[in-house]
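Down below is the structure, laid out as structure tokens.
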Amino acid sequence: MPFQQPPLPYPMDALTPYLSEEQLRFHYGKHHAAYFKNLNALVEGKPEAAMTLREVVIRSTGPVFNNAGQAWNHTFYWNCMDPKGGGEPTGELAEAIRRDFGSFAEFQKAFSDAAVKLFGSGWAWLAADKDGKLSIMSLSNADTPLKHEKEPILTIDVWEHAYYIDYRNERARFVEGFWKYVHWPFAAKRYALRGQVDQLD
Ligand code: MN
């Protein structure tokens, strides 16, 4: 199989009480796993099978893109949370957030709003352009900043499957809880490495 689902970066129960073990078992073990399975079946014997997942995301369309995008997005999303997460970023990313949003609080409100208000299925993103300027993107389905020549820095999955076991229809409560587990060191690393594509998966 050309594309392998990476291990979850923490145990299935590590994000309780924010996300239950059952929620992660379905989300990582069923939904995310299925995108890899479908992608591998779709690219069998095709040129995409020899590309990196990032290249497939950037270059493909249709069902191959949908599954590759979702495979890549979820791996990124798991890394955006950590059992010891929360707080605020430091260093270069913190300064860029202040520069581009006014304050950390204004950024946080804009990101939460994008996540809560996104219509239907999709992802809210913090993304950087090639000059390091940050923006928030609300993207539907499997869409990702990689398709818009921007580098993903942070994301939250707001497909219903991401929260329905634990939160039912209460997406706003799911988004609020994200901030206690957000993994700023990961986002800061992605921001520092932007533009160095050979360093990024
Ligand atoms: Mn998902």
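Chain lettering (A, B, ...) mirrors the order of the structure tokens, residue numbering begins at 1 for each chain separately, and ligand numbering begins at 1 in order of display.
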> Please, which residues have at least one atom within 10 Å of an atom of ligand 1, using only C-alpha atoms and all ligand atoms, listed as a list in words?
Replying inline: Leu24, Phe26, His27, Tyr28, Lys30, His31, His32, Tyr35, Gln70, Ala71, Asn73, His74, Thr75, Tyr77, Trp78, Ser121, Gly122, Trp123, Asn141, Ala142, Ile156, Asp157, Val158, Trp159, Glu160, His161, Ala162 and Tyr163 of chain A
>> With only C-alpha atoms as the counted atoms, please give the residues lying no more than 12 Å from Val56 of chain A, apart from itself and same-chain residues fewer than 2 positions off, as a PyMOL selection string.
In response: chain A and resi 2-3+39-40+42-43+46-54+58-72+146-147+201
>> Show me, as JSON, numbers by chain, the residues that have an atom within 8 Å of Trp184 of chain A when counting only C-alpha atoms, minus same-chain residues fewer than 2 positions from it.
In response: {"A": [80, 85, 86, 87, 88, 89, 182, 186, 187, 188]}
> Which of these, A:Arg173, A:Pro7, A:Arg168, A:Thr16, has the shortest distance to Asp82 of chain A once you count only C-alpha atoms?
Replying inline: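 Once distances to Asp82 of chain A are computed over only C-alpha atoms, the minimum belongs to A:Thr16.
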> Which neighbours of Pro83 of chain A fall inside 8 Å, counting only C-alpha atoms, when residues of the same chain fewer than 3 positions from it are skipped, and could you give them as an MDAnalysis selection string?
Replying inline: chainID A and resid 10 14:15 181
Please run DSSP on the backbone and report, as a PDB file with N, CA and C atoms, in the first residue's frame, all residues within segment 133-182 of chain A that come out as strand (DSSP E).
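Okay, this is what ended up in result_18.pdb:
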ATOM      1  N   LEU A 134      -0.576  35.559   7.987  1.00  0.00           N
ATOM      2  CA  LEU A 134      -1.553  34.572   8.453  1.00  0.00           C
ATOM      3  C   LEU A 134      -2.962  34.954   8.037  1.00  0.00           C
ATOM      4  N   SER A 135      -3.796  33.938   7.798  1.00  0.00           N
ATOM      5  CA  SER A 135      -5.222  34.165   7.573  1.00  0.00           C
ATOM      6  C   SER A 135      -5.999  32.955   8.044  1.00  0.00           C
ATOM      7  N   ILE A 136      -7.284  33.182   8.272  1.00  0.00           N
ATOM      8  CA  ILE A 136      -8.192  32.099   8.646  1.00  0.00           C
ATOM      9  C   ILE A 136      -8.979  31.711   7.409  1.00  0.00           C
ATOM     10  N   MET A 137      -9.094  30.412   7.174  1.00  0.00           N
ATOM     11  CA  MET A 137      -9.818  29.916   6.008  1.00  0.00           C
ATOM     12  C   MET A 137     -10.882  28.932   6.474  1.00  0.00           C
ATOM     13  N   SER A 138     -12.114  29.093   5.962  1.00  0.00           N
ATOM     14  CA  SER A 138     -13.186  28.103   6.173  1.00  0.00           C
ATOM     15  C   SER A 138     -13.306  27.331   4.875  1.00  0.00           C
ATOM     16  N   LEU A 139     -12.969  26.071   4.890  1.00  0.00           N
ATOM     17  CA  LEU A 139     -12.944  25.302   3.644  1.00  0.00           C
ATOM     18  C   LEU A 139     -13.846  24.079   3.757  1.00  0.00           C
ATOM     19  N   SER A 140     -14.578  23.799   2.696  1.00  0.00           N
ATOM     20  CA  SER A 140     -15.565  22.721   2.709  1.00  0.00           C
ATOM     21  C   SER A 140     -14.943  21.364   2.371  1.00  0.00           C
ATOM     22  N   GLU A 151       0.273  27.475   3.437  1.00  0.00           N
ATOM     23  CA  GLU A 151       0.735  26.393   4.299  1.00  0.00           C
ATOM     24  C   GLU A 151      -0.181  26.281   5.518  1.00  0.00           C
ATOM     25  N   PRO A 152      -0.739  25.089   5.763  1.00  0.00           N
ATOM     26  CA  PRO A 152      -1.551  24.901   6.972  1.00  0.00           C
ATOM     27  C   PRO A 152      -0.718  25.071   8.248  1.00  0.00           C
ATOM     28  N   ILE A 153      -1.274  25.794   9.213  1.00  0.00           N
ATOM     29  CA  ILE A 153      -0.590  26.014  10.490  1.00  0.00           C
ATOM     30  C   ILE A 153      -1.364  25.361  11.641  1.00  0.00           C
ATOM     31  N   LEU A 154      -2.688  25.425  11.578  1.00  0.00           N
ATOM     32  CA  LEU A 154      -3.543  24.858  12.633  1.00  0.00           C
ATOM     33  C   LEU A 154      -4.897  24.553  12.009  1.00  0.00           C
ATOM     34  N   THR A 155      -5.548  23.481  12.489  1.00  0.00           N
ATOM     35  CA  THR A 155      -6.888  23.202  11.974  1.00  0.00           C
ATOM     36  C   THR A 155      -7.769  22.559  13.026  1.00  0.00           C
ATOM     37  N   ILE A 156      -9.075  22.677  12.801  1.00  0.00           N
ATOM     38  CA  ILE A 156     -10.066  21.883  13.540  1.00  0.00           C
ATOM     39  C   ILE A 156     -11.051  21.310  12.525  1.00  0.00           C
ATOM     40  N   ASP A 157     -11.343  20.045  12.705  1.00  0.00           N
ATOM     41  CA  ASP A 157     -12.288  19.317  11.856  1.00  0.00           C
ATOM     42  C   ASP A 157     -13.694  19.615  12.376  1.00  0.00           C
TER      43      ASP A 157
END
>> Going by DSSP on the backbone, which residues of segment 60-108 of chain A come out as helix (DSSP H, G or I)? List them as a ChimeraX atom specification.
In response: /A:62-79,91-101,104-108
> When you draw a straight line from atom CA of Gln196 of chain A to atom CA of Gly91 of chain A, how long is it in Å?
Replying inline: 18.9 Å
